[in-house]
$ cat data-v8.csv   # CSV, C-alpha atoms and all ligand atoms
chain,number,residue,atom,x,y,z
A,1,ALA,CA,-50.6,78.0,265.7
A,2,LYS,CA,-54.2,77.2,266.5
A,3,THR,CA,-55.4,80.6,265.3
A,4,LEU,CA,-53.4,80.4,262.2
A,5,GLY,CA,-54.8,76.9,261.5
A,6,ARG,CA,-58.3,78.2,261.9
A,7,ASN,CA,-57.6,81.2,259.7
A,8,THR,CA,-56.2,79.0,257.0
A,9,TYR,CA,-59.2,76.8,257.3
A,10,SER,CA,-61.6,79.6,257.0
A,11,PHE,CA,-59.6,81.0,254.1
A,12,PHE,CA,-60.0,77.8,252.1
A,13,THR,CA,-63.6,77.4,253.2
A,14,LYS,CA,-64.3,80.8,251.8
A,15,ALA,CA,-62.5,80.2,248.6
A,16,MET,CA,-64.3,76.9,248.2
A,17,ASN,CA,-67.7,78.4,249.0
A,18,THR,CA,-67.2,81.1,246.4
A,19,GLN,CA,-66.3,78.5,243.8
A,20,MET,CA,-69.2,76.2,244.8
A,21,LEU,CA,-71.6,79.1,244.8
A,22,ARG,CA,-70.5,80.1,241.3
A,23,ARG,CA,-70.9,76.5,240.1
A,24,PHE,CA,-74.3,76.3,241.7
A,25,LYS,CA,-75.4,79.6,240.0
A,26,VAL,CA,-74.2,78.5,236.7
A,27,GLU,CA,-76.0,75.2,236.9
A,28,GLU,CA,-79.1,76.9,238.1
A,29,GLN,CA,-79.1,79.2,235.1
A,30,LEU,CA,-78.2,76.4,232.7
A,31,HIS,CA,-81.5,74.8,233.4
A,32,GLY,CA,-83.9,76.4,231.1
A,33,ALA,CA,-81.3,78.3,229.1
A,34,LEU,CA,-82.2,76.3,226.0
A,35,GLU,CA,-85.9,77.2,226.4
A,36,ARG,CA,-85.0,80.8,226.9
A,37,GLU,CA,-82.9,80.7,223.7
A,38,GLU,CA,-79.8,81.9,225.4
A,39,PHE,CA,-77.4,79.8,223.2
A,40,THR,CA,-75.9,80.7,219.9
A,41,LEU,CA,-73.4,78.9,217.7
A,42,HIS,CA,-70.4,80.6,216.3
A,43,TYR,CA,-68.3,79.1,213.5
A,44,GLN,CA,-64.6,79.3,213.1
A,45,PRO,CA,-63.4,78.8,209.5
A,46,GLN,CA,-60.9,76.1,208.7
A,47,ILE,CA,-58.5,76.9,205.9
A,48,GLU,CA,-56.7,74.6,203.5
A,49,VAL,CA,-53.0,75.5,203.6
A,50,LYS,CA,-52.3,74.6,200.0
A,51,THR,CA,-55.0,76.9,198.5
A,52,GLY,CA,-55.7,79.4,201.3
A,53,LYS,CA,-59.4,78.7,200.9
A,54,ILE,CA,-62.0,77.9,203.5
A,55,ILE,CA,-62.9,74.2,203.4
A,56,GLY,CA,-65.0,73.9,206.6
A,57,ALA,CA,-65.8,75.3,210.0
A,58,GLU,CA,-65.9,74.3,213.7
A,59,ALA,CA,-69.1,74.9,215.6
A,60,LEU,CA,-68.5,76.6,218.9
A,61,LEU,CA,-71.2,77.2,221.5
A,62,ARG,CA,-71.8,80.6,223.1
A,63,TRP,CA,-74.0,81.3,226.1
A,64,HIS,CA,-75.3,84.7,227.2
A,65,ASN,CA,-77.4,84.7,230.3
A,66,PRO,CA,-79.1,87.8,231.7
A,67,ALA,CA,-78.0,87.1,235.3
A,68,LEU,CA,-74.4,85.9,234.6
A,69,GLY,CA,-73.6,87.7,231.4
A,70,GLN,CA,-71.4,85.9,228.9
A,71,VAL,CA,-70.2,82.5,230.3
A,72,THR,CA,-67.4,80.7,228.5
A,73,PRO,CA,-67.8,77.2,227.3
A,74,ASP,CA,-64.7,76.2,229.3
A,75,GLU,CA,-66.7,77.0,232.3
A,76,PHE,CA,-70.3,75.8,231.4
A,77,ILE,CA,-69.5,72.7,229.3
A,78,PRO,CA,-68.1,70.7,232.3
A,79,ILE,CA,-71.1,71.7,234.4
A,80,ALA,CA,-73.5,70.8,231.6
A,81,GLU,CA,-71.6,67.6,231.3
A,82,HIS,CA,-71.8,66.7,235.0
A,83,SER,CA,-75.5,67.5,235.3
A,84,GLY,CA,-76.5,65.7,232.1
A,85,LEU,CA,-77.8,68.9,230.5
A,86,ILE,CA,-75.2,68.5,227.8
A,87,VAL,CA,-77.4,65.9,226.1
A,88,ALA,CA,-80.1,68.4,225.3
A,89,ILE,CA,-77.6,71.1,224.6
A,90,GLY,CA,-75.8,68.8,222.2
A,91,LYS,CA,-79.0,68.2,220.3
A,92,TYR,CA,-79.3,71.9,219.8
A,93,VAL,CA,-75.8,72.1,218.6
A,94,PHE,CA,-76.3,69.3,216.1
A,95,ASN,CA,-79.5,70.8,214.8
A,96,GLN,CA,-78.2,74.3,214.4
A,97,ALA,CA,-74.8,73.3,212.9
A,98,LEU,CA,-76.3,70.9,210.4
A,99,SER,CA,-79.1,73.2,209.2
A,100,PHE,CA,-76.5,75.9,208.8
A,101,LEU,CA,-74.2,73.6,206.9
A,102,LYS,CA,-77.0,72.8,204.5
A,103,THR,CA,-77.6,76.5,203.9
A,104,TRP,CA,-73.9,77.1,203.5
A,105,GLN,CA,-73.4,74.3,201.1
A,106,SER,CA,-76.4,75.2,198.9
A,107,HIS,CA,-75.7,78.9,198.8
A,108,THR,CA,-72.1,78.3,197.7
A,109,GLU,CA,-72.4,74.9,196.0
A,110,LYS,CA,-69.3,73.8,197.9
A,111,PRO,CA,-68.8,70.6,199.9
A,112,TYR,CA,-67.9,72.4,203.1
A,113,THR,CA,-67.4,70.3,206.3
A,114,MET,CA,-68.7,71.0,209.8
A,115,ALA,CA,-66.7,70.0,212.9
A,116,ILE,CA,-68.7,69.4,216.0
A,117,ASN,CA,-67.3,68.8,219.5
A,118,LEU,CA,-68.5,65.8,221.4
A,119,SER,CA,-68.1,65.5,225.1
A,120,PRO,CA,-68.0,62.2,227.0
A,121,ARG,CA,-71.6,62.2,228.3
A,122,GLN,CA,-72.9,62.8,224.8
A,123,PHE,CA,-70.7,60.1,223.5
A,124,ARG,CA,-72.3,57.6,225.9
A,125,ASP,CA,-75.8,58.5,224.7
A,126,THR,CA,-76.5,56.3,221.7
A,127,GLU,CA,-79.8,58.2,221.0
A,128,LEU,CA,-77.7,61.2,220.0
A,129,LEU,CA,-76.1,59.3,217.2
A,130,ASN,CA,-79.5,58.2,215.9
A,131,LEU,CA,-80.6,61.8,216.0
A,132,LEU,CA,-77.5,62.9,214.1
A,133,GLN,CA,-78.1,60.2,211.5
A,134,ASP,CA,-81.8,61.2,211.2
A,135,SER,CA,-81.0,64.8,210.6
A,136,LEU,CA,-78.4,64.0,208.0
A,137,ASN,CA,-81.0,61.9,206.1
A,138,LYS,CA,-83.6,64.7,206.4
A,139,LEU,CA,-81.1,67.4,205.2
A,140,ASN,CA,-79.5,65.1,202.6
A,141,ILE,CA,-76.0,65.8,204.0
A,142,ASP,CA,-73.2,63.3,203.5
A,143,ALA,CA,-72.0,62.0,206.9
A,144,GLN,CA,-68.4,62.3,205.7
A,145,GLN,CA,-68.8,66.1,205.8
A,146,ILE,CA,-69.4,65.9,209.5
A,147,GLU,CA,-66.3,65.8,211.6
A,148,LEU,CA,-66.8,64.7,215.2
A,149,GLU,CA,-64.1,66.0,217.5
A,150,ILE,CA,-63.3,64.1,220.6
A,151,THR,CA,-60.7,64.5,223.2
A,152,GLU,CA,-58.6,61.9,225.0
A,153,GLY,CA,-60.7,62.3,228.1
A,154,LEU,CA,-63.5,60.7,226.3
A,155,LEU,CA,-61.5,57.6,225.6
A,156,LEU,CA,-60.8,56.8,229.3
A,157,GLY,CA,-63.2,54.2,230.5
A,158,ASP,CA,-64.7,50.9,229.3
A,159,GLN,CA,-62.6,50.2,226.3
A,160,THR,CA,-65.0,47.6,224.8
A,161,HIS,CA,-67.8,50.1,224.8
A,162,ILE,CA,-65.6,52.9,223.5
A,163,GLN,CA,-64.4,50.7,220.7
A,164,GLN,CA,-68.0,49.8,219.7
A,165,ALA,CA,-69.2,53.4,219.8
A,166,LEU,CA,-66.3,54.7,217.7
A,167,GLN,CA,-66.8,51.8,215.3
A,168,THR,CA,-70.5,52.8,214.9
A,169,ILE,CA,-69.6,56.4,214.3
A,170,ASN,CA,-67.1,55.3,211.7
A,171,ASP,CA,-69.6,52.8,210.1
A,172,LEU,CA,-72.2,55.6,209.8
A,173,GLY,CA,-69.6,57.4,207.7
A,174,PHE,CA,-68.7,60.3,210.1
A,175,THR,CA,-65.2,61.6,210.2
A,176,LEU,CA,-63.5,61.2,213.6
A,177,ALA,CA,-61.0,63.8,214.7
A,178,MET,CA,-58.8,63.7,217.7
A,179,ASP,CA,-59.0,67.1,219.4
A,180,ASP,CA,-56.3,68.8,221.5
A,181,PHE,CA,-53.7,66.3,220.5
A,182,GLY,CA,-50.6,66.3,222.7
A,183,THR,CA,-52.2,67.4,225.9
A,184,GLY,CA,-53.2,64.1,227.3
A,185,TYR,CA,-51.4,60.9,228.3
A,186,SER,CA,-51.5,58.1,225.8
A,187,SER,CA,-52.7,59.7,222.5
A,188,LEU,CA,-50.4,57.5,220.4
A,189,ASN,CA,-52.1,54.3,221.7
A,190,TYR,CA,-55.5,55.7,220.8
A,191,LEU,CA,-54.4,56.6,217.3
A,192,ARG,CA,-53.3,53.0,216.8
A,193,LYS,CA,-56.5,51.6,218.2
A,194,TYR,CA,-59.3,53.8,216.9
A,195,PRO,CA,-60.5,54.9,213.4
A,196,PHE,CA,-59.4,58.5,213.5
A,197,LYS,CA,-59.1,60.4,210.2
A,198,THR,CA,-58.0,63.8,211.5
A,199,LEU,CA,-55.7,65.0,214.2
A,200,LYS,CA,-55.9,68.5,215.6
A,201,ILE,CA,-52.6,69.7,217.1
A,202,ASP,CA,-53.4,71.6,220.3
A,203,ARG,CA,-52.9,75.4,220.3
A,204,SER,CA,-50.3,75.2,223.1
A,205,PHE,CA,-47.8,73.6,220.7
A,206,ILE,CA,-48.6,76.0,217.8
A,207,GLN,CA,-48.0,79.0,220.1
A,208,GLY,CA,-44.4,78.0,220.5
A,209,ILE,CA,-43.4,76.9,217.0
A,210,ALA,CA,-41.8,80.2,216.0
A,211,LEU,CA,-40.2,80.7,219.4
A,212,ASN,CA,-38.6,77.4,220.6
A,213,THR,CA,-37.1,74.4,219.0
A,214,SER,CA,-38.8,71.8,221.2
A,215,ASP,CA,-42.3,73.0,220.1
A,216,TYR,CA,-41.1,73.2,216.5
A,217,ASN,CA,-39.7,69.7,216.6
A,218,LEU,CA,-42.8,68.3,218.3
A,219,VAL,CA,-45.1,69.8,215.7
A,220,LYS,CA,-42.8,68.7,212.9
A,221,ALA,CA,-42.7,65.1,214.2
A,222,THR,CA,-46.5,65.1,214.9
A,223,ILE,CA,-47.2,66.1,211.3
A,224,ALA,CA,-44.8,63.5,209.9
A,225,MET,CA,-46.2,60.8,212.1
A,226,SER,CA,-49.8,61.7,211.2
A,227,HIS,CA,-49.1,61.6,207.5
A,228,SER,CA,-47.5,58.2,207.7
A,229,LEU,CA,-50.7,57.1,209.4
A,230,ASP,CA,-52.8,58.7,206.6
A,231,LEU,CA,-54.3,61.3,209.0
A,232,THR,CA,-55.1,64.8,208.0
A,233,VAL,CA,-53.6,67.4,210.3
A,234,ILE,CA,-55.3,70.5,211.5
A,235,ALA,CA,-53.3,73.1,213.5
A,236,GLU,CA,-55.4,75.0,216.0
A,237,GLY,CA,-54.8,78.5,217.3
A,238,VAL,CA,-52.7,79.8,214.4
A,239,GLU,CA,-52.3,83.5,215.2
A,240,THR,CA,-49.5,84.8,213.1
A,241,GLN,CA,-48.2,84.8,209.5
A,242,GLN,CA,-44.9,83.3,210.8
A,243,GLN,CA,-46.7,80.3,212.4
A,244,LEU,CA,-48.6,79.8,209.1
A,245,ALA,CA,-45.4,79.9,207.1
A,246,ILE,CA,-43.8,77.2,209.3
A,247,LEU,CA,-46.8,75.0,209.3
A,248,SER,CA,-47.0,75.3,205.5
A,249,LYS,CA,-43.4,74.3,205.2
A,250,LEU,CA,-44.0,71.3,207.4
A,251,GLY,CA,-46.9,70.1,205.2
A,252,CYS,CA,-49.7,70.8,207.7
A,253,ASN,CA,-53.0,70.3,205.8
A,254,THR,CA,-55.4,72.7,207.5
A,255,VAL,CA,-55.2,75.7,209.8
A,256,GLN,CA,-57.6,77.3,212.1
A,257,GLY,CA,-57.1,80.4,214.3
A,258,TYR,CA,-57.3,84.1,214.9
A,259,TYR,CA,-54.9,84.9,212.1
A,260,PHE,CA,-57.7,84.1,209.7
A,261,SER,CA,-60.8,84.5,211.8
A,262,LYS,CA,-62.2,84.3,215.2
A,263,PRO,CA,-65.4,82.2,215.6
A,264,ILE,CA,-68.1,84.2,213.8
A,265,LEU,CA,-71.8,84.1,213.2
A,266,ALA,CA,-73.4,82.0,210.5
A,267,ALA,CA,-74.3,85.1,208.4
A,268,GLN,CA,-70.7,86.4,208.6
A,269,LEU,CA,-69.3,83.1,207.5
A,270,LEU,CA,-71.6,82.9,204.6
A,271,GLU,CA,-70.5,86.4,203.5
A,272,LEU,CA,-66.8,85.6,204.0
A,273,SER,CA,-67.0,82.4,201.9
A,274,THR,CA,-69.0,84.0,199.2
A,275,GLN,CA,-66.4,86.8,198.9
A,276,GLN,CA,-63.7,84.1,198.7
A,277,SER,CA,-65.4,82.2,196.0
A,278,ALA,CA,-65.7,85.3,193.9
A,279,GLU,CA,-61.9,85.9,194.1
B,1,LIG,P1,-61.8,73.4,221.5
B,1,LIG,O1,-62.6,72.4,220.9
B,1,LIG,O2,-60.3,73.1,221.7
B,1,LIG,O3,-62.0,74.7,220.7
B,1,LIG,C1,-61.0,75.6,220.3
B,1,LIG,C2,-61.0,76.9,221.2
B,1,LIG,O4,-59.9,77.7,220.9
B,1,LIG,C3,-62.2,77.7,221.1
B,1,LIG,O5,-62.5,78.3,222.3
B,1,LIG,C4,-61.8,78.8,220.1
B,1,LIG,O6,-62.5,80.0,220.2
B,1,LIG,C5,-60.3,79.0,220.6
B,1,LIG,N1,-59.5,79.5,219.5
B,1,LIG,C6,-59.5,79.3,218.2
B,1,LIG,N2,-58.5,79.9,217.5
B,1,LIG,C7,-57.8,80.6,218.5
B,1,LIG,C8,-56.6,81.4,218.4
B,1,LIG,O7,-56.0,81.6,217.4
B,1,LIG,N3,-56.1,81.8,219.6
B,1,LIG,C9,-56.7,81.6,220.8
B,1,LIG,N4,-56.2,82.0,221.9
B,1,LIG,N5,-57.8,80.8,220.9
B,1,LIG,C10,-58.4,80.3,219.7
B,1,LIG,P2,-64.0,78.3,222.9
B,1,LIG,O8,-65.0,78.6,221.8
B,1,LIG,O9,-64.0,79.2,224.1
B,1,LIG,O10,-64.3,76.8,223.4
B,1,LIG,C11,-63.6,76.2,224.4
B,1,LIG,C12,-63.9,74.8,224.5
B,1,LIG,O11,-65.2,74.5,224.9
B,1,LIG,C13,-63.7,74.0,223.2
B,1,LIG,O12,-62.3,73.8,223.0
B,1,LIG,C14,-64.5,72.8,223.4
B,1,LIG,O13,-63.8,71.8,224.2
B,1,LIG,C15,-65.7,73.3,224.3
B,1,LIG,N6,-66.8,73.5,223.4
B,1,LIG,C16,-67.2,74.6,222.7
B,1,LIG,N7,-68.4,74.4,222.0
B,1,LIG,C17,-68.8,73.2,222.4
B,1,LIG,C18,-69.9,72.3,222.0
B,1,LIG,O14,-70.8,72.7,221.2
B,1,LIG,N8,-70.0,71.1,222.5
B,1,LIG,C19,-69.0,70.6,223.4
B,1,LIG,N9,-69.2,69.4,223.9
B,1,LIG,N10,-67.9,71.3,223.7
B,1,LIG,C20,-67.8,72.6,223.2
B,2,CA,CA,-62.6,71.3,219.1
B,3,CA,CA,-59.0,71.8,220.3
B,4,CA,CA,-59.5,72.6,224.0
$ encode --input "data-v8.csv" --output "structure tokens"
Amino acid sequence: AKTLGRNTYSFFTKAMNTQMLRRFKVEEQLHGALEREEFTLHYQPQIEVKTGKIIGAEALLRWHNPALGQVTPDEFIPIAEHSGLIVAIGKYVFNQALSFLKTWQSHTEKPYTMAINLSPRQFRDTELLNLLQDSLNKLNIDAQQIELEITEGLLLGDQTHIQQALQTINDLGFTLAMDDFGTGYSSLNYLRKYPFKTLKIDRSFIQGIALNTSDYNLVKATIAMSHSLDLTVIAEGVETQQQLAILSKLGCNTVQGYYFSKPILAAQLLELSTQQSAE
């Protein structure tokens, strides 16, 4: 039993070490990644269900590092968050996404919106909001056209501070979206308490709508509830025609997913929306 115990121990230690080593390497490379210009933004179009037209996009970060290769945001964002690097990275995201939005709007003369993900650490940094406001002024973009996506995880913590921060964001005119709706604990309470305008139904529910009645019913109820609260609904991760047909029937406002487009480069999005306007 003793030997087994020791083996089990060493098994876990090894697994843990591998995991910690990876984390360490990622964090090590993350320092200086901005300076080395290893980040790019991709944009995933958001489509209005009623018209089938692109009305905006979500900015999604990509990181390619020479030593690690392509690292997914699901891996590096939490590490950037933990180490505080997310603040500088977030600035980069804002700058890139807003300057692209400006180009996009002026080339097409359409009031496209840009959705930007905000993680908890960034949210606590008030300087970032000032920065966002400054660049809006400089670029002459309407704050309403910027949708800040936050998850429930961000809302855990000091409620007074959170209340104030969300109020500030709202007062500045930004649109607040609740991301990944349905995956956390007390989303309903947050919808009641805070000034959200948009609700994004998590991909995991959309995946099942054509396959099982419980996902279908949950999505149906979520859309109905959102509309009764005057919230716009975005379905994430729409991959099939069938899912789109169901969402359309249920009155979902906006869809986003591989069925229309993966996240793409700015130039590709420009081309896609120019094509669409010409139709
Ligand atoms: P998210 O905000 O929920 O973003 C949606 C994710 O779903 C993206 O993954 C997107 O590429 C993927 N997706 C979109 N449509 C489909 C589909 O039809 N099928 C499938 N299977 N997936 C789809 P991505 O780009 O890997 O980003 C993962 C997460 O990383 C994001 O989840 C977000 O939480 C975070 N993230 C990405 N960029 C940023 C950023 O600039 N700042 C912050 N704070 N977080 C970011
Ligand atoms: Ca998002
Ligand atoms: Ca999401
Ligand atoms: Ca997510």
$ closest_residue --input "data-v8.csv" --among "A:Gln19, A:Gln256, A:Thr222, A:Ser83" --to "ligand CA 2 (chain B)" --atoms "only C-alpha atoms and all ligand atoms"
A:Gln256
$ closest_residue --input "data-v8.csv" --among "A:Ser261, A:Ile246, A:Leu270, A:Leu166" --to "Val49 of chain A" --atoms "all atoms listed in the file"
A:Ile246
$ residues_around --input "data-v8.csv" --residues "Leu101 of chain A" --least-positions-apart "4" --cutoff "9 Å" --atoms "all atoms listed in the file" --output "PyMOL selection string"
chain A and resi 96-97+105-106+112-114+141
$ write_last_selection --input "data-v8.csv" --atoms "C-alpha atoms" --output "PDB file, in the coordinates of the input"
ATOM      1  CA  GLN A  96     -78.200  74.300 214.400  1.00  0.00           C
ATOM      2  CA  ALA A  97     -74.800  73.300 212.900  1.00  0.00           C
ATOM      3  CA  GLN A 105     -73.400  74.300 201.100  1.00  0.00           C
ATOM      4  CA  SER A 106     -76.400  75.200 198.900  1.00  0.00           C
ATOM      5  CA  TYR A 112     -67.900  72.400 203.100  1.00  0.00           C
ATOM      6  CA  THR A 113     -67.400  70.300 206.300  1.00  0.00           C
ATOM      7  CA  MET A 114     -68.700  71.000 209.800  1.00  0.00           C
ATOM      8  CA  ILE A 141     -76.000  65.800 204.000  1.00  0.00           C
TER       9      ILE A 141
END
$ closest_residue --input "data-v8.csv" --among "A:Leu155, A:Val71, A:Ile86, A:Leu60" --to "Ile116 of chain A" --atoms "only C-alpha atoms"
A:Leu60
$ closest_residue --input "data-v8.csv" --among "A:Phe205, A:Tyr43, A:Phe94, A:Phe24" --to "ligand CA 2 (chain B)" --atoms "all atoms listed in the file"
A:Tyr43
$ residues_near_point --input "data-v8.csv" --point "(-49.3, 75.8, 199.4)" --cutoff "7 Å" --atoms "only C-alpha atoms" --output "ChimeraX atom specification"
/A:49-51,248
$ write_last_selection --input "data-v8.csv" --atoms "C-alpha atoms" --output "PDB file, in the coordinates of the input"
ATOM      1  CA  VAL A  49     -53.000  75.500 203.600  1.00  0.00           C
ATOM      2  CA  LYS A  50     -52.300  74.600 200.000  1.00  0.00           C
ATOM      3  CA  THR A  51     -55.000  76.900 198.500  1.00  0.00           C
ATOM      4  CA  SER A 248     -47.000  75.300 205.500  1.00  0.00           C
TER       5      SER A 248
END
$ closest_residue --input "data-v8.csv" --among "A:Ser135, A:Asn65, A:Ser214, A:Ser10" --to "Lys25 of chain A" --atoms "only C-alpha atoms"
A:Asn65
$ residues_near_ligand --input "data-v8.csv" --ligand "ligand CA 3 (chain B)" --cutoff "8 Å" --atoms "only C-alpha atoms and all ligand atoms" --output "list in words"
Asp179, Asp180, Phe181, Lys200, Ile201, Asp202, Arg203 and Glu236 of chain A
$ closest_residue --input "data-v8.csv" --among "A:Ser277, A:Ala33, A:Val238, A:Ala245" --to "Tyr259 of chain A" --atoms "only C-alpha atoms"
A:Val238
$ atom_distance --input "data-v8.csv" --atom1 "atom CA of Val87 of chain A" --atom2 "atom CA of Ile47 of chain A"
29.8 Å
$ residues_near_ligand --input "data-v8.csv" --ligand "ligand LIG 1 (chain B)" --cutoff "9 Å" --atoms "all atoms listed in the file" --output "JSON, numbers by chain"
{"A": [41, 42, 43, 44, 58, 59, 60, 61, 62, 72, 73, 74, 75, 76, 77, 78, 80, 81, 86, 89, 90, 92, 93, 94, 116, 117, 118, 119, 120, 121, 122, 149, 150, 151, 179, 180, 200, 202, 203, 207, 236, 237, 238, 239, 240, 256, 257, 258, 259, 260, 261, 262, 263]}
$ atom_distance --input "data-v8.csv" --atom1 "atom CA of Arg192 of chain A" --atom2 "atom CA of Glu48 of chain A"
25.6 Å
$ atom_distance --input "data-v8.csv" --atom1 "atom CA of Met178 of chain A" --atom2 "atom CA of Ala224 of chain A"
16.0 Å
$ decode --input "data-v8.csv" --residues "segment 150-169 of chain A" --atoms "N, CA, C and O atoms" --output "short mmCIF file (atom, residue, chain, number, x, y, z; two decimals), in the first residue's frame"
data_model
loop_
_atom_site.label_atom_id
_atom_site.label_comp_id
_atom_site.auth_asym_id
_atom_site.auth_seq_id
_atom_site.Cartn_x
_atom_site.Cartn_y
_atom_site.Cartn_z
N ILE A 150 -19.35 41.26 -20.60
CA ILE A 150 -18.82 40.79 -19.32
C ILE A 150 -19.51 39.49 -18.92
O ILE A 150 -20.64 39.22 -19.31
N THR A 151 -18.78 38.69 -18.16
CA THR A 151 -19.34 37.41 -17.72
C THR A 151 -19.74 37.52 -16.25
O THR A 151 -19.34 38.45 -15.55
N GLU A 152 -20.49 36.53 -15.80
CA GLU A 152 -20.94 36.56 -14.42
C GLU A 152 -19.79 36.56 -13.42
O GLU A 152 -19.90 37.12 -12.35
N GLY A 153 -18.69 35.92 -13.80
CA GLY A 153 -17.53 35.84 -12.93
C GLY A 153 -17.06 37.22 -12.49
O GLY A 153 -16.55 37.41 -11.39
N LEU A 154 -17.26 38.17 -13.38
CA LEU A 154 -16.85 39.54 -13.11
C LEU A 154 -17.72 40.21 -12.06
O LEU A 154 -17.33 41.18 -11.42
N LEU A 155 -18.91 39.67 -11.91
CA LEU A 155 -19.87 40.31 -11.01
C LEU A 155 -19.79 39.80 -9.58
O LEU A 155 -20.47 40.30 -8.70
N LEU A 156 -18.94 38.77 -9.37
CA LEU A 156 -18.72 38.29 -8.01
C LEU A 156 -17.77 39.27 -7.34
O LEU A 156 -16.84 39.75 -7.95
N GLY A 157 -18.01 39.55 -6.10
CA GLY A 157 -17.12 40.48 -5.40
C GLY A 157 -17.89 41.63 -4.80
O GLY A 157 -19.11 41.55 -4.63
N ASP A 158 -17.17 42.69 -4.51
CA ASP A 158 -17.75 43.85 -3.82
C ASP A 158 -18.87 44.49 -4.65
O ASP A 158 -18.61 45.17 -5.64
N GLN A 159 -20.09 44.25 -4.23
CA GLN A 159 -21.25 44.67 -5.02
C GLN A 159 -21.38 46.19 -5.16
O GLN A 159 -21.84 46.68 -6.19
N THR A 160 -20.95 46.93 -4.14
CA THR A 160 -21.05 48.39 -4.22
C THR A 160 -20.14 48.90 -5.34
O THR A 160 -20.54 49.72 -6.16
N HIS A 161 -18.91 48.38 -5.34
CA HIS A 161 -17.97 48.80 -6.37
C HIS A 161 -18.44 48.40 -7.76
O HIS A 161 -18.36 49.16 -8.72
N ILE A 162 -18.93 47.18 -7.87
CA ILE A 162 -19.40 46.67 -9.16
C ILE A 162 -20.56 47.52 -9.67
O ILE A 162 -20.59 47.94 -10.83
N GLN A 163 -21.46 47.80 -8.77
CA GLN A 163 -22.62 48.64 -9.10
C GLN A 163 -22.16 49.99 -9.68
O GLN A 163 -22.63 50.44 -10.71
N GLN A 164 -21.18 50.59 -8.98
CA GLN A 164 -20.67 51.90 -9.40
C GLN A 164 -20.00 51.82 -10.76
O GLN A 164 -20.24 52.66 -11.63
N ALA A 165 -19.14 50.81 -10.92
CA ALA A 165 -18.40 50.67 -12.18
C ALA A 165 -19.37 50.46 -13.35
O ALA A 165 -19.22 51.08 -14.41
N LEU A 166 -20.36 49.61 -13.16
CA LEU A 166 -21.32 49.35 -14.24
C LEU A 166 -22.14 50.60 -14.54
O LEU A 166 -22.45 50.89 -15.69
N GLN A 167 -22.45 51.34 -13.51
CA GLN A 167 -23.20 52.58 -13.70
C GLN A 167 -22.37 53.57 -14.52
O GLN A 167 -22.89 54.21 -15.43
N THR A 168 -21.07 53.66 -14.18
CA THR A 168 -20.18 54.56 -14.94
C THR A 168 -20.16 54.17 -16.41
O THR A 168 -20.30 55.02 -17.29
N ILE A 169 -19.98 52.89 -16.67
CA ILE A 169 -19.95 52.39 -18.05
C ILE A 169 -21.24 52.78 -18.77
O ILE A 169 -21.23 53.27 -19.89
#
